[in-house]
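Student: Sending over a structure as structure tokens; questions will come in a sec.
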Amino acid sequence: MKVFNMSSAKGKKVNIYLIIGAVMTGIIVVMAIVGIFWTPYSTTAMSAKERFAAPSWQHLFGTDNFGRDIFSRVMKAVGTSALISVLVVAISAVAGIVLGAITGYFGGVVDAVVMRIVDAINGFPSILLALVIISLLGKGRQNVVLALAIAFTPSFVRIVRGEFIRLRDADYVVRARLMGVAKPRILFVHILPNIFSTFWVSVTIGLNNAILAESGLSYLGIGVQAPDATLGSLLSDAQASLASSPWYALAPGLTIVWTVLGVAMLSEGIGKLKK
Amino acid sequence: MKYFIKKIVTLIITLLLVSILAFLAFQIIPGDVVHSILGTEATPEREEALREELGLDRPPVERYLNWGKDVLRGDFGVSYRYSKNMNEMMPVKELIGDKLPVTLWLALLSVGITVLIAIPLGVLWAGTKNKFLDGVLNVLTQTSMAIPAFFLGILVTYLFGIAFKMFRPGAYVSYKTDFGGFIHYLIFPAIAIAIPKIGMTARFLRNSTLTELTSDYVRTARSKGASEKRILFKHVLRNAMLPVVTFLGMIIAEVVAGSIVVEQVFALPGIGRLLISSISTRDFPVVEILILYITFVVIIVYFIVDVLYRVLDPRIREK
Amino acid sequence: MKKYLSIFFVTLLAMAALTGCSGGTGESSGDNTSNVSTTDTTQAGTSDNVTGVTATGEATYGGTVVVGIQQDIDSLDPHTATAAGTKEILFNIFEGLVKNAPNGDLICAVAESYELSEDGLVYTFTLRQGVKFHNGDLVTAEDVKYSIERCAGLLDGTPLVSTMKTITAVDIIDEKTVQVTVDSVNPELIYSFTYAIIPNGSADVEGADPIGTGPFRYVSYTPQEGIIVEKNEDYWQEGLPYLDRVEFKIITDDKTATLELQAGTVQLFSYLTDEQATELSKTMQVLSAPSSTVQALFLNNAVEPLNDVKVRQAIMYALDKDEINLFVGGGDATVISSSMLPTLEKYYVDLNDVYGTGANVEAAKQLLTEAGYPDGFDLVISVPSNYPVHMQTAEVIVEQLKAVGINASIDAIEWTSWLSDVYTNREYAATVCALTGDSTPGYLLSRFVSTSSKNFINFNSAEYDEVYEKVVAATTMEERGDYYKELQKILVDEAGTGFTLCIANKVAVANNLAGYVFYPVYVQDMSTVYYVAE
């Protein structure tokens with residue numbers, strides 16, 4: 001018992017990832033939730049006098065070309081971006097796991113059919129795909145998520161499929177098969193946990209890419225429309241005045257890096273905790 | 001042999017599927033190429049004349065079949081948008097053929113840089129017992145992935161172009177005039193593309209290596225008294241490389257399809273920019289062939305991945 | 001460095017007859033010569049409208065300039081090219097019988113002079129001797145006939161230039177005289193003779209490169225990269241051009257453009273955004289002059305509730321154009337209220353007082369209440385997303401409309417969708433964009449006639465149509481000018497559309513370059529640009 005306690009105490013001390021990750025993610029979550037109800041300044045009201053103000057105590061991240069408080073806009077944007085990217089990654093990751101597991105484990109006709117579709121999506125420009133989706137389903141946030149989720153799915157399918165092909169003949173899987181374990185159980189209870197760490201990397205990469213990809217879609221008019229903003233759209237607006245007011249771009253840029261780092265740290269920490 | 005025939009058949013089916021999807025997409029999306037060409041000076045008469053000239057007055061099925069017939073005969077048609085001279089439009093083959101080397105060389109360089117740095121880095125990372133190094137690599141790779149492509153492009157430009165004066169931003173040299181200068185210029189956009197990919201690949205390799213290290217056969221090897229180094233290089237890496245190969249394949253497929261942002265920042269006339277501008281001007285003949293090209297490359301790359309899998313993984317080979 | 005263009009006097013005494021290319025600066029308004037004059041380019045380039053310091057020093061010949069352009073070109077055929085961004089480049093390669101001058105007038109180019117018959121139906125052009133095409137051939141009457149017939153649709157029935165539809169015959173009188181006959185009088189037709197003269201039959205020769213008579217000859221074009229031209233050694237204007245080579249390089253992204261200008265890869269770039277101008281003015285010359293575009297919040301007059309004139313007027317009062325100018329025009333734009341370029345001084349009438357340039361929230365709310373919308377309404381503004389200026393303007397306007405209770409929102413769309421859905425099919429409520437004017441004063445007004453195919457705002461005013469008919473019937477520019485002013489006023493009174501700004505054209509020029517000249521039309525004249533001696 002004593003030994004167990006010690007290692008546990010030591011484990012906590014060492015698991016710095018979990019602490020840092022939780023704090024970083026926590027700050028973002030708080031910012032996003034508060035941002036829904038309250039921001040220090042209006043996110044839309046313009047002020048000609050306060051254009052491109054540098055960061056100060058009044059305006060933590062400075063102001064933009066319309067004199068709007070960037071901190072307030074980032075607060076509002078964080079929630080939208082987080083929601084979109086989490087949804088996109090969740091949908092495409094689940095689709096990826098299901099399709100990847102089935103195609104990888106069973107192969108055959110299902111594999112052939114699914115992989116042809118995956119290939120087709122892969123070769124299909126996501127911008128064209130997004131345009132098709134808005135023409136068919138109209139504009140709106142849910143369609144941004146859908147368009148991105150479709151575009152993101154193939155990579156998840158491939159990663160999972162590759163892992164399942166690799167593991168389908170592993171000793172413990174063969175053993176389970178011989179023991180007559182049901183197939184879904186083999187797929188999702190026996191194999192899936194073993195691909196988790198590889199898969200998790202693609203999830204964090206995906207979260208990141210989704211935040212950035214959204215800004216590309218708002219350019220086509222299906223993302224979030226101005227004056228509403230996401231971290232991605234703030235970033236692309238800010239690029240025009242990069243040299244004269246770098247803080248404008250740095251605020252959303254650093255927020256993205258911060259969020260993604262936080263999530264990565266947290267997941268690393270959770271991974272360590274499990275061991 | 002049977003394997004290859006099967007692969008070729010699936011390739012053809014996929015290409016067919018994609019070409020139909022792309023054609024359908026053009027039927028669905030708003031915006032008319034005739035309006036795109038004539039702009040705000042369009043008159044109903046000129047619109048009609050142009051529609052007829054482009055064959056757009058024909059029923060969709062007939063248009064698709066005509067297009068398909070031409071492509072099978074090796075005639076990829078001409079761009080709706082780009083001129084070749086006073087009275088001819090640019091043949092799609094020429095247009096894409098001209099841009100392709102740029103993207104391919106860029107892809108080759110960036111994937112080369114990625115592999116050269118990421119593989120050793122990932123192995124080093126997985127093998128290290130140093131907590132501090134582990135932490136630094138963790139943060140560094142994660143940050144490299146989190147920086148938007150545009151920023152990286154600007155960063156590389158300022159750093160290598162304006163601060164160190166290693167190249168002149170925007171002064172792209174065509175591969176036709178000066179191949180050395182062309183490659184020299186391409187190195188910098190390739191770095192911009194490679195940085196996040198290095199982060200991703202290194203993380204991937206490290207994680208899959210760590211996973212492998214906990215598996216049964218490693219335990220067995222350890223109990224037999226094999227050295228850690230031997231375990232890592234002899235057994236683990238081979239298996240750990242498998243998911244990395246899939247991942248690298250995905251990266252190659254992505255880069256070969258053109259990297260829009262980086263091409264933009266570095267003023268490279270590549271496939272990515274051509275695709276975006278052709279989609280936005282509804283230049284169907286160009287978009288269709290580009291999509292077929294990208295699909296083709298994607299499939300070929302994954303085919304190679306598949307073959308590599310068989311080579312790397314004895315279990316699959318047996319099957 | 002003063003450079004006088006060749007002046008060709010043809011003294012004219014006949015009362016109603018018109019002779020082109022005579023002297024005078026166009027102040028005489030009694031006859032039609034007002035729109036044709038000789039010009040001193042240097043003076044025009046540094047007139048009061050232009051701000052910014054140009055490099056001084058002795059002009060040198062030779063050198064290469066890389067000019068950044070924002071759009072790929074749409075055609076190498078000067079008669080079918082429609083994009084303003086293409087015409088501005090082709091201006092350097094091709095010339096018409098007459099040619100735009102920096103002060104908004106016309107100068108003679110391939111023609112040496114011309115004469116208009118008393119009834120206004122026959123133009124007699126005398127060709128300038130010794131003008132050579134880039135292929136070395138002399139320009140002949142045959143070439144002129146071919147070029148005009150091609151534009152007018154006399155060769156195959158499809159007119160390429162709609163204003164030239166009225167031309168019924170082109171006759172060669174002798175080897176240096178060509179006569180053009182029209183079926184109706186149009187004092188603005190002369191502007192159409194700026195369309196390029198090209199070698200006889202050249203447009204039908206397979207694989208023909210563009211050949212013109214301009215100061216630069218075409219070398220090559222690569223899609224997405226750009227177009228390269230070289231000095232025309234045989235150019236008819238003595239001493240021009242200065243540069244040996246000009247490379248027009250396509251840079252679609254404004255941030256990339258800034259980077260390349262800073263790195264010195266590109267030496268000249270026009271239509272800078274306010275942000276670019278601010279950033280580049282630290283290291284380069286940034287010149288500024290009124291542009292040839294009018295920006296507006298265009299309202300679809302046929303949809304509810306914008307079909308109510310009171311609602312439209314309320315929007316006019318709600319707009320704070322001074323604020324828009326400050327936010328997107330850098331404060332350098334000219335606030336406008338109607339569809340006329342302020343630089344066309346003879347035809348422009350300042351109507352900014354009608355609704356004021358600032359916001360009048362009270363008046364707007366009052367009108368909305370009268371119209372039955374005391375609580376405002378929802379309004380979707382469709383904006384082409386490739387134009388940051390218009391996107392930003394729309395964002396400002398949304399806030400301004402909010403202040404009077406109108407709940408506006410932005411719908412960003414692709415340019416091609418805009419052309420199809422908004423411009424052609426007119427399926428929209430409001431949009432922000434800009435119209436490019438040309439040197440024909442009536443050009444920007446003609447589209448608001450209710451039957452015009454370009455009347456994308458569905459403006460429908462019987463009074464406007466009536467006055468426009470008078471314009472068409474008028475045979476002198478003076479008479480037309482009065483009607484144009486009337487048209488502008490009707491457009492404002494009916495609140496047809498919310499004109500906002502004539503945004504300044506800001507041009508970044510490398511510090512060792514001089515001689516850049518602004519035009520009131522959308523052209524980029526590289527012939528007068530030169531490197532300053534060290």
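Ligands are numbered from 1 in the order shown, chains are lettered A, B, ... in the order of the structure tokens, and residues start at 1 in each chain.
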Distance cut-off 6 Å, counting only C-alpha atoms - which residues of chain C neighbour chain B? Return them as JSON, numbers by chain.
Tutor: {"C": [75, 76, 77, 207, 208, 209, 210, 256, 260, 265, 416, 417, 419, 420]}
Student: Considering only C-alpha atoms, tabulate each residue of chain A that lies at most 7 Å from chain B along with its nearest interatomic pair and the corresponding distance in Å to one decimal; arrange the rows by chain and ascending residue number and present them as JSON lines.
Tutor:
{"residue": "A:Arg116", "atom": "CA", "partner": "B:Thr14", "partner_atom": "CA", "distance": 5.7}
{"residue": "A:Asp119", "atom": "CA", "partner": "B:Ile299", "partner_atom": "CA", "distance": 6.7}
{"residue": "A:Ala120", "atom": "CA", "partner": "B:Val18", "partner_atom": "CA", "distance": 5.5}
{"residue": "A:Asn122", "atom": "CA", "partner": "B:Thr295", "partner_atom": "CA", "distance": 6.9}
{"residue": "A:Gly123", "atom": "CA", "partner": "B:Thr295", "partner_atom": "CA", "distance": 4.1}
{"residue": "A:Phe124", "atom": "CA", "partner": "B:Ile291", "partner_atom": "CA", "distance": 6.1}
{"residue": "A:Leu131", "atom": "CA", "partner": "B:Ile29", "partner_atom": "CA", "distance": 6.1}
{"residue": "A:Val132", "atom": "CA", "partner": "B:Ile29", "partner_atom": "CA", "distance": 5.5}
{"residue": "A:Ser135", "atom": "CA", "partner": "B:Ile29", "partner_atom": "CA", "distance": 5.6}
{"residue": "A:Ile159", "atom": "CA", "partner": "B:Thr246", "partner_atom": "CA", "distance": 6.6}
{"residue": "A:Gly162", "atom": "CA", "partner": "B:Pro243", "partner_atom": "CA", "distance": 6.4}
{"residue": "A:Glu163", "atom": "CA", "partner": "B:Pro243", "partner_atom": "CA", "distance": 6.5}
{"residue": "A:Ser197", "atom": "CA", "partner": "B:Asn207", "partner_atom": "CA", "distance": 6.2}
{"residue": "A:Thr198", "atom": "CA", "partner": "B:Ser208", "partner_atom": "CA", "distance": 5.8}
{"residue": "A:Val201", "atom": "CA", "partner": "B:Phe204", "partner_atom": "CA", "distance": 6.5}
{"residue": "A:Asn208", "atom": "CA", "partner": "B:Ala146", "partner_atom": "CA", "distance": 6.1}
{"residue": "A:Leu212", "atom": "CA", "partner": "B:Pro148", "partner_atom": "CA", "distance": 6.9}
{"residue": "A:Ile256", "atom": "CA", "partner": "B:Ala146", "partner_atom": "CA", "distance": 6.8}
{"residue": "A:Val257", "atom": "CA", "partner": "B:Ala146", "partner_atom": "CA", "distance": 5.1}
{"residue": "A:Val260", "atom": "CA", "partner": "B:Ala146", "partner_atom": "CA", "distance": 6.5}
{"residue": "A:Leu261", "atom": "CA", "partner": "B:Gln142", "partner_atom": "CA", "distance": 6.1}
Student: Should the cut-off be 7 Å, what would the residue list for chain C against chain A look like, counting only C-alpha atoms, as a list in words?
Tutor: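 The selection requested is Lys255, Glu275, Glu279, Phe327, Ser385, Glu395, Ile410, Asp411, Ala412, Ile413 and Glu414 of chain C.
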Student: Residues near Ala101 (chain A), anyone? I mean within 9 Å using only C-alpha atoms, not counting same-chain ones fewer than 5 positions away, as a PDB file with C-alpha atoms, in the first residue's frame.
Tutor:
ATOM      1  CA  GLY A  96     -13.440   6.992 -39.819  1.00  0.00           C
ATOM      2  CA  PHE A 106     -12.988  -7.626 -43.373  1.00  0.00           C
ATOM      3  CA  VAL A 157     -10.643   6.015 -42.599  1.00  0.00           C
ATOM      4  CA  VAL A 160      -7.854   3.326 -38.941  1.00  0.00           C
ATOM      5  CA  ARG A 161      -7.995   0.917 -41.855  1.00  0.00           C
ATOM      6  CA  GLY A 162      -4.225   0.690 -41.961  1.00  0.00           C
ATOM      7  CA  GLU A 163      -4.096  -0.090 -38.269  1.00  0.00           C
ATOM      8  CA  PHE A 164      -6.813  -2.716 -38.523  1.00  0.00           C
ATOM      9  CA  ILE A 165      -5.063  -4.430 -41.397  1.00  0.00           C
ATOM     10  CA  LEU A 187     -13.268  -4.823 -33.662  1.00  0.00           C
ATOM     11  CA  PHE A 188     -14.144  -2.323 -31.010  1.00  0.00           C
ATOM     12  CA  ILE A 191      -8.444  -3.962 -31.532  1.00  0.00           C
ATOM     13  CA  LEU A 192      -9.654  -0.398 -31.166  1.00  0.00           C
TER      14      LEU A 192
END
Student: Output as a VMD selection string all residues of region 32-199 of chain B that backbone DSSP marks as strand (DSSP E or B).
Tutor: chain B and resid 78 to 83 89 to 91
Student: Quote the spacing between CA of Gly498 (chain C) and CA of Phe298 (chain C) in Å to one decimal place.
Tutor: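 Separating CA of Gly498 (chain C) from CA of Phe298 (chain C) is a distance of 6.0 Å.
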Student: Just want the 7 Å neighbourhood of Tyr347 (chain C), counted on only C-alpha atoms, with same-chain residues fewer than 6 positions away dropped. Output as a count of residues only.
Tutor: 4
Student: For Ile16 (chain A), please output as a list in words all residues within 12 Å (counting only C-alpha atoms; exclusion window: fewer than 3 positions along the same chain).
Tutor: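 Those residues are Lys10, Gly11, Lys12, Lys13, Ile19, Ile20, Gly21, Ala22, Val23, Met265, Leu266, Ser267, Glu268, Gly269, Ile270, Lys272 and Leu273 of chain A; Lys131, Phe132 and Gly135 of chain B.
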Student: Might you pull out every residue within 12 Å of Gly68 (chain B), with only C-alpha atoms counted and same-chain residues fewer than 4 positions away left off, and present them as a short mmCIF file (atom, residue, chain, number, x, y, z; two decimals) with N, CA and C atoms, in the first residue's frame?
Tutor:
data_model
loop_
_atom_site.label_atom_id
_atom_site.label_comp_id
_atom_site.auth_asym_id
_atom_site.auth_seq_id
_atom_site.Cartn_x
_atom_site.Cartn_y
_atom_site.Cartn_z
N LEU B 15 -11.86 6.65 -61.31
CA LEU B 15 -11.73 7.82 -62.18
C LEU B 15 -13.07 8.14 -62.84
N LEU B 16 -13.75 7.11 -63.26
CA LEU B 16 -15.06 7.30 -63.88
C LEU B 16 -16.02 7.95 -62.89
N SER B 19 -15.14 11.55 -62.29
CA SER B 19 -15.46 12.46 -63.40
C SER B 19 -16.95 12.73 -63.45
N ILE B 20 -17.75 11.73 -63.11
CA ILE B 20 -19.21 11.95 -63.10
C ILE B 20 -19.58 12.89 -61.95
N PHE B 23 -18.69 16.39 -62.84
CA PHE B 23 -19.63 16.93 -63.82
C PHE B 23 -20.94 17.33 -63.15
N VAL B 61 -26.31 15.30 -70.46
CA VAL B 61 -25.81 13.94 -70.70
C VAL B 61 -24.97 13.91 -71.97
N GLU B 62 -25.49 14.57 -73.00
CA GLU B 62 -24.77 14.61 -74.27
C GLU B 62 -23.41 15.28 -74.09
N ARG B 63 -23.41 16.37 -73.29
CA ARG B 63 -22.15 17.08 -73.06
C ARG B 63 -21.14 16.20 -72.36
N TYR B 64 -21.63 15.46 -71.34
CA TYR B 64 -20.70 14.61 -70.60
C TYR B 64 -20.14 13.52 -71.51
N LEU B 72 -11.10 10.12 -73.82
CA LEU B 72 -10.62 8.79 -74.14
C LEU B 72 -9.73 8.80 -75.38
N ARG B 73 -10.04 9.73 -76.27
CA ARG B 73 -9.20 9.84 -77.48
C ARG B 73 -7.93 10.63 -77.21
N GLY B 74 -7.80 11.09 -75.94
CA GLY B 74 -6.61 11.85 -75.59
C GLY B 74 -6.75 13.34 -75.81
N ASP B 75 -7.96 13.77 -76.14
CA ASP B 75 -8.19 15.20 -76.36
C ASP B 75 -8.84 15.77 -75.10
N PHE B 76 -8.05 16.52 -74.35
CA PHE B 76 -8.54 17.04 -73.08
C PHE B 76 -9.28 18.37 -73.23
N GLY B 77 -9.41 18.84 -74.45
CA GLY B 77 -10.16 20.06 -74.67
C GLY B 77 -9.36 21.32 -74.37
N PRO B 285 -13.49 22.35 -68.20
CA PRO B 285 -12.51 21.41 -68.76
C PRO B 285 -11.24 21.33 -67.93
N GLU B 288 -12.12 19.55 -64.39
CA GLU B 288 -12.37 18.11 -64.55
C GLU B 288 -11.06 17.33 -64.69
N ILE B 289 -10.17 17.81 -65.54
CA ILE B 289 -8.91 17.10 -65.75
C ILE B 289 -8.04 17.17 -64.50
N LEU B 292 -9.31 14.66 -62.05
CA LEU B 292 -8.90 13.31 -62.48
C LEU B 292 -7.42 13.08 -62.18
#
